[in-house]
Each structure stands twice: as C-alpha cells, then as structure tokens.
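Single-structure report; data block below.
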Amino acid sequence: MNEDVRNIVLGVLATGVSASLGWLSRTYLWRRRLRRKRAFFGLPGGSECLLVVNREAGGDNVVHRFDVFAMLELSALIKDCGAQARILAHDASHQGFGDRTEFCVGGPYSNRRMAAHLSTLLPGVTMNVDVQPSEDRGSITVGTERYPMDKGITEYVILARLTAGEGGRPVFLFCGQRAITNQAATRYLARHHESLARAHRSGSFVLLLKVVNTQAYGPDVVELVADVTRLALTAPAAAPAAT
C-alpha cells in the first residue's frame with residue numbers, strides 16, 4: 001500500500017469515526033432532553049394523561065376555537081413525550097389527581113374542574129365570575145392584589161404546575177380571563193418548559209402572565225408578571241369575627 005492510498009484510507013476512517021461520535025453525541029443529548037422533558041411533564045413513554053376541556057362561556061357544549069388551539073399545542077407536547085392523551089369534558093372528570101398528569105384549560109366560569117382546582121389547590125387565587133358586565137368581571141385576585149381585564153389590550157392568565165395526590169403526577173392549570181389567554185399560556189409553556197424545569201425542577205410553581213394587545217398580536221406577546229407560588233398556595237387569612 002503506497003502512501004497516497006494509506007492517507008485516503010486513514011482519512012475515510014477518521015471521517016467515519018467523527019461522524020459516529022457526532023451521531024452518538026447528538027443521540028445522547030436528545031435522549032437526555034427527552035428524559036428531562038418527560039420528568040417535567042410527568043409523562044413517561046407510553047403513559048396516559050388527561051386533557052380536561054372546558055366550554056365556551058355562554059355556549060352550549062361548545063369549545064372556543066382558541067381553546068381548541070390550546071389543546072393542539074398541548075397535544076404536540078404530549079406526543080413528543082411518547083404519551084397519549086385522554087380528552088374529558090370539564091363536567092365529566094369525576095376523579096382525583098396525582099395518578100396521571102392532567103392539563104386543565106379554562107377559567108372557573110367555563111370549567112367546573114378548574115373551579116375545584118382553584119378552591120383545593122390554589123386557595124390564594126380567586127377569579128370574578130360575574131355574569132353581568134362590570135368593571136370587576138373576569139378579574140384575577142392573587143393574595144390581596146387584583147388584576148382586572150382590559151379586553152384586547154391587557155389580559156392575565158395563571159399558569160401553574162402543581163404536584164399533589166398520591167401518585168405524584170403534576171396538574172397543569174391554564175386559567176385565563178379569555179380563551180385566547182389560555183392559548184397564550186400553553187404556548188408560553190411549550191416555549192419555556194426547559195427553563196421552567198431548570199428553575200423549579202420537579203416542584204410546584206404558579207406564574208402570573210400578562211398577554212399584551214391580543215387584538216393585534218393574538219396569543220404571541222406574553223410577559224411574566226411574577227412568580228406568585230407562595231401567595232397562590234396560601235389560604236387568605238380569615239376575617240375577624242364581628243363583635
């Protein structure tokens with residue numbers, strides 16, 4: 001074997017080794033990200049989760065189109081984890097939490113299960129559900145701070161990951177003032193789940209998000225107002241009894 005042939009063979013071998021190492025490295029990183037993603041969402045491969053669907057406020061068994069879009073965002077995340085989703089209506093979910101990961105979409109005015117979750121899991125959060133139009137309608141209160149809705153301009157949504165129940169699987173809440181804010185929260189989760197997993201590991205968190213100018217930007221412009229976990233998980237102090 002002359003020197004030229006030897007150099008060609010060595011070059012081919014080096015290229016093959018480099019390609020193999022690159023493929024192994026990418027595969028390792030991909031699998032590590034997948035493991036972290038599955039751990040954050042509580043979705044081992046082949047597992048089942050719940051997608052709890054609300055109804056459009058004032059509608060008769062109708063799901064708002066923005067809530068449908070939110071479900072599609074979540075379905076993509078679930079599929080990426082190799083899990084399967086079971087879709088349930090909000091008033092047909094007569095079961096506890098913790099055994100399976102749950103994604104619950106919609107405010108308490110259109111989602112009975114969300115109303116139950118707020119009362120049980122987030123005692124520090126309330127939402128005005130008045131039917132009659134008023135300045136306070138749809139406002140979110142966290143602790144003592146109230147966040148009113150300026151429709152189409154400034155709107156708020158609660159994004160929460162809560163671990164409760166015997167099984168330890170998380171419950172994700174997307175509790176917005178309007179359907180478009182629910183979609184904004186699911187999109188925010190899809191974009192930022194890696195940083196949220198680093199910041200909160202596998203623990204609970206409750207974030208207050210502001211959705212800016214939905215009439216122009218739709219669900220795309222979302223700002224983090226505050227991490228309100230401590231306030232949201234703390235029941236308000238009882239009012240002193242009248243004497």
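Going by the structure tokens order, chains are called A, B, ..., each with residues numbered from 1, while ligands are numbered from 1 in the order shown.
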All helix (DSSP H, G or I) positions in stretch 32-92 of chain A, as a CSV table (one decimal) with C-alpha atoms, in the first residue's frame:
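See part.csv below for the written result:
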chain,number,residue,atom,x,y,z
A,32,ARG,CA,-31.2,13.5,27.9
A,33,ARG,CA,-33.5,16.3,26.9
A,34,LEU,CA,-36.3,13.8,26.3
A,35,ARG,CA,-35.8,12.4,29.8
A,36,ARG,CA,-35.9,15.8,31.4
A,37,LYS,CA,-39.0,16.8,29.4
A,38,ARG,CA,-40.8,13.6,30.4
A,39,ALA,CA,-39.9,14.2,34.0
A,40,PHE,CA,-41.1,17.8,34.0
A,41,PHE,CA,-44.4,16.9,32.4
A,65,ARG,CA,-61.6,27.9,18.9
A,66,PHE,CA,-58.7,29.4,20.9
A,67,ASP,CA,-59.2,26.6,23.5
A,68,VAL,CA,-59.1,24.1,20.6
A,69,PHE,CA,-55.8,25.7,19.6
A,70,ALA,CA,-54.5,25.4,23.2
A,71,MET,CA,-55.4,21.7,23.1
A,72,LEU,CA,-53.4,21.3,19.9
A,73,GLU,CA,-50.4,23.0,21.5
A,74,LEU,CA,-50.6,20.6,24.4
A,75,SER,CA,-51.2,17.6,22.2
A,76,ALA,CA,-47.9,18.3,20.4
A,77,LEU,CA,-46.0,18.3,23.7
A,78,ILE,CA,-47.7,15.1,24.8
A,79,LYS,CA,-46.9,13.4,21.5
A,80,ASP,CA,-43.2,14.5,21.8
Tell me which protein, DNA and RNA residues are within 7 Å of stretch 210-223 of chain A, counting only C-alpha atoms, leaving out same-chain ones fewer than 3 positions away, and put them as a PDB file with all heavy atoms, in the first residue's frame.
ATOM      1  N   GLY A 152     -58.686  42.773  25.082  1.00  0.00           N
ATOM      2  CA  GLY A 152     -57.943  43.024  23.851  1.00  0.00           C
ATOM      3  C   GLY A 152     -56.683  43.828  24.037  1.00  0.00           C
ATOM      4  O   GLY A 152     -55.860  43.922  23.122  1.00  0.00           O
ATOM      5  N   ILE A 153     -56.485  44.419  25.227  1.00  0.00           N
ATOM      6  CA  ILE A 153     -55.312  45.265  25.475  1.00  0.00           C
ATOM      7  C   ILE A 153     -54.378  44.624  26.497  1.00  0.00           C
ATOM      8  O   ILE A 153     -53.225  44.318  26.206  1.00  0.00           O
ATOM      9  CB  ILE A 153     -55.745  46.665  25.954  1.00  0.00           C
ATOM     10  CG1 ILE A 153     -56.701  47.303  24.930  1.00  0.00           C
ATOM     11  CG2 ILE A 153     -54.515  47.556  26.159  1.00  0.00           C
ATOM     12  CD1 ILE A 153     -56.098  47.500  23.560  1.00  0.00           C
ATOM     13  N   THR A 154     -54.872  44.422  27.694  1.00  0.00           N
ATOM     14  CA  THR A 154     -54.085  43.806  28.767  1.00  0.00           C
ATOM     15  C   THR A 154     -54.937  42.753  29.460  1.00  0.00           C
ATOM     16  O   THR A 154     -55.967  43.080  30.047  1.00  0.00           O
ATOM     17  CB  THR A 154     -53.627  44.859  29.796  1.00  0.00           C
ATOM     18  OG1 THR A 154     -52.870  45.872  29.136  1.00  0.00           O
ATOM     19  CG2 THR A 154     -52.762  44.205  30.871  1.00  0.00           C
ATOM     20  N   GLU A 155     -54.497  41.521  29.370  1.00  0.00           N
ATOM     21  CA  GLU A 155     -55.244  40.403  29.958  1.00  0.00           C
ATOM     22  C   GLU A 155     -54.274  39.485  30.683  1.00  0.00           C
ATOM     23  O   GLU A 155     -53.081  39.445  30.356  1.00  0.00           O
ATOM     24  CB  GLU A 155     -56.009  39.653  28.870  1.00  0.00           C
ATOM     25  CG  GLU A 155     -57.067  40.502  28.192  1.00  0.00           C
ATOM     26  CD  GLU A 155     -57.395  40.035  26.779  1.00  0.00           C
ATOM     27  OE1 GLU A 155     -56.470  39.880  25.974  1.00  0.00           O
ATOM     28  OE2 GLU A 155     -58.577  39.828  26.500  1.00  0.00           O
ATOM     29  N   TYR A 156     -54.796  38.736  31.647  1.00  0.00           N
ATOM     30  CA  TYR A 156     -53.944  37.928  32.512  1.00  0.00           C
ATOM     31  C   TYR A 156     -54.373  36.458  32.489  1.00  0.00           C
ATOM     32  O   TYR A 156     -55.520  36.126  32.211  1.00  0.00           O
ATOM     33  CB  TYR A 156     -54.000  38.453  33.952  1.00  0.00           C
ATOM     34  CG  TYR A 156     -53.450  39.852  34.092  1.00  0.00           C
ATOM     35  CD1 TYR A 156     -54.288  40.960  33.995  1.00  0.00           C
ATOM     36  CD2 TYR A 156     -52.085  40.065  34.301  1.00  0.00           C
ATOM     37  CE1 TYR A 156     -53.784  42.248  34.112  1.00  0.00           C
ATOM     38  CE2 TYR A 156     -51.579  41.350  34.424  1.00  0.00           C
ATOM     39  CZ  TYR A 156     -52.424  42.434  34.323  1.00  0.00           C
ATOM     40  OH  TYR A 156     -51.925  43.710  34.427  1.00  0.00           O
ATOM     41  N   VAL A 157     -53.394  35.615  32.812  1.00  0.00           N
ATOM     42  CA  VAL A 157     -53.656  34.179  32.866  1.00  0.00           C
ATOM     43  C   VAL A 157     -52.724  33.558  33.904  1.00  0.00           C
ATOM     44  O   VAL A 157     -51.565  33.978  34.046  1.00  0.00           O
ATOM     45  CB  VAL A 157     -53.446  33.524  31.475  1.00  0.00           C
ATOM     46  CG1 VAL A 157     -52.060  33.783  30.931  1.00  0.00           C
ATOM     47  CG2 VAL A 157     -53.728  32.025  31.526  1.00  0.00           C
ATOM     48  N   ILE A 180     -58.317  33.204  24.502  1.00  0.00           N
ATOM     49  CA  ILE A 180     -57.052  33.472  23.819  1.00  0.00           C
ATOM     50  C   ILE A 180     -55.891  33.515  24.809  1.00  0.00           C
ATOM     51  O   ILE A 180     -54.753  33.186  24.466  1.00  0.00           O
ATOM     52  CB  ILE A 180     -57.144  34.777  22.995  1.00  0.00           C
ATOM     53  CG1 ILE A 180     -55.975  34.847  22.005  1.00  0.00           C
ATOM     54  CG2 ILE A 180     -57.205  36.006  23.889  1.00  0.00           C
ATOM     55  CD1 ILE A 180     -56.129  35.961  20.989  1.00  0.00           C
ATOM     56  N   THR A 181     -56.183  33.885  26.068  1.00  0.00           N
ATOM     57  CA  THR A 181     -55.113  33.881  27.065  1.00  0.00           C
ATOM     58  C   THR A 181     -54.768  32.460  27.501  1.00  0.00           C
ATOM     59  O   THR A 181     -53.627  32.190  27.895  1.00  0.00           O
ATOM     60  CB  THR A 181     -55.500  34.734  28.282  1.00  0.00           C
ATOM     61  OG1 THR A 181     -56.657  34.182  28.914  1.00  0.00           O
ATOM     62  CG2 THR A 181     -55.799  36.164  27.881  1.00  0.00           C
ATOM     63  N   GLN A 183     -54.669  29.950  25.406  1.00  0.00           N
ATOM     64  CA  GLN A 183     -53.741  29.528  24.366  1.00  0.00           C
ATOM     65  C   GLN A 183     -52.379  30.174  24.558  1.00  0.00           C
ATOM     66  O   GLN A 183     -51.338  29.545  24.350  1.00  0.00           O
ATOM     67  CB  GLN A 183     -54.282  29.877  22.972  1.00  0.00           C
ATOM     68  CG  GLN A 183     -53.394  29.322  21.867  1.00  0.00           C
ATOM     69  CD  GLN A 183     -53.717  29.871  20.487  1.00  0.00           C
ATOM     70  OE1 GLN A 183     -54.631  30.686  20.335  1.00  0.00           O
ATOM     71  NE2 GLN A 183     -52.980  29.445  19.492  1.00  0.00           N
ATOM     72  N   ALA A 184     -52.369  31.440  24.973  1.00  0.00           N
ATOM     73  CA  ALA A 184     -51.097  32.121  25.221  1.00  0.00           C
ATOM     74  C   ALA A 184     -50.292  31.396  26.295  1.00  0.00           C
ATOM     75  O   ALA A 184     -49.060  31.268  26.191  1.00  0.00           O
ATOM     76  CB  ALA A 184     -51.356  33.572  25.624  1.00  0.00           C
TER      77      ALA A 184
END
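Each of A:Pro108, A:Gln132, A:Arg113, A:Cys49 was checked against A:Ala179 using only C-alpha atoms; the smallest atom-to-atom distance is that of A:Pro108.
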Residues near A:Arg112, cut-off 9 Å, only C-alpha atoms, skip fewer than 6 positions along chain, as a ChimeraX atom specification: /A:54,90-91
Next, dump the selected residues to file, keeping only N, CA, C and O atoms, as a PDB file, in the first residue's frame.
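Okay, this is what ended up in selection_9.pdb:
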ATOM      1  N   ASN A  54     -62.823  22.643  28.570  1.00  0.00           N
ATOM      2  CA  ASN A  54     -63.907  23.478  29.087  1.00  0.00           C
ATOM      3  C   ASN A  54     -64.949  23.701  27.999  1.00  0.00           C
ATOM      4  O   ASN A  54     -64.947  23.048  26.958  1.00  0.00           O
ATOM      5  N   HIS A  90     -65.092  18.988  31.071  1.00  0.00           N
ATOM      6  CA  HIS A  90     -64.830  19.507  32.414  1.00  0.00           C
ATOM      7  C   HIS A  90     -65.835  19.002  33.450  1.00  0.00           C
ATOM      8  O   HIS A  90     -65.505  18.870  34.635  1.00  0.00           O
ATOM      9  N   ASP A  91     -67.057  18.711  33.016  1.00  0.00           N
ATOM     10  CA  ASP A  91     -68.078  18.261  33.957  1.00  0.00           C
ATOM     11  C   ASP A  91     -68.224  16.746  33.970  1.00  0.00           C
ATOM     12  O   ASP A  91     -69.170  16.210  34.550  1.00  0.00           O
TER      13      ASP A  91
END
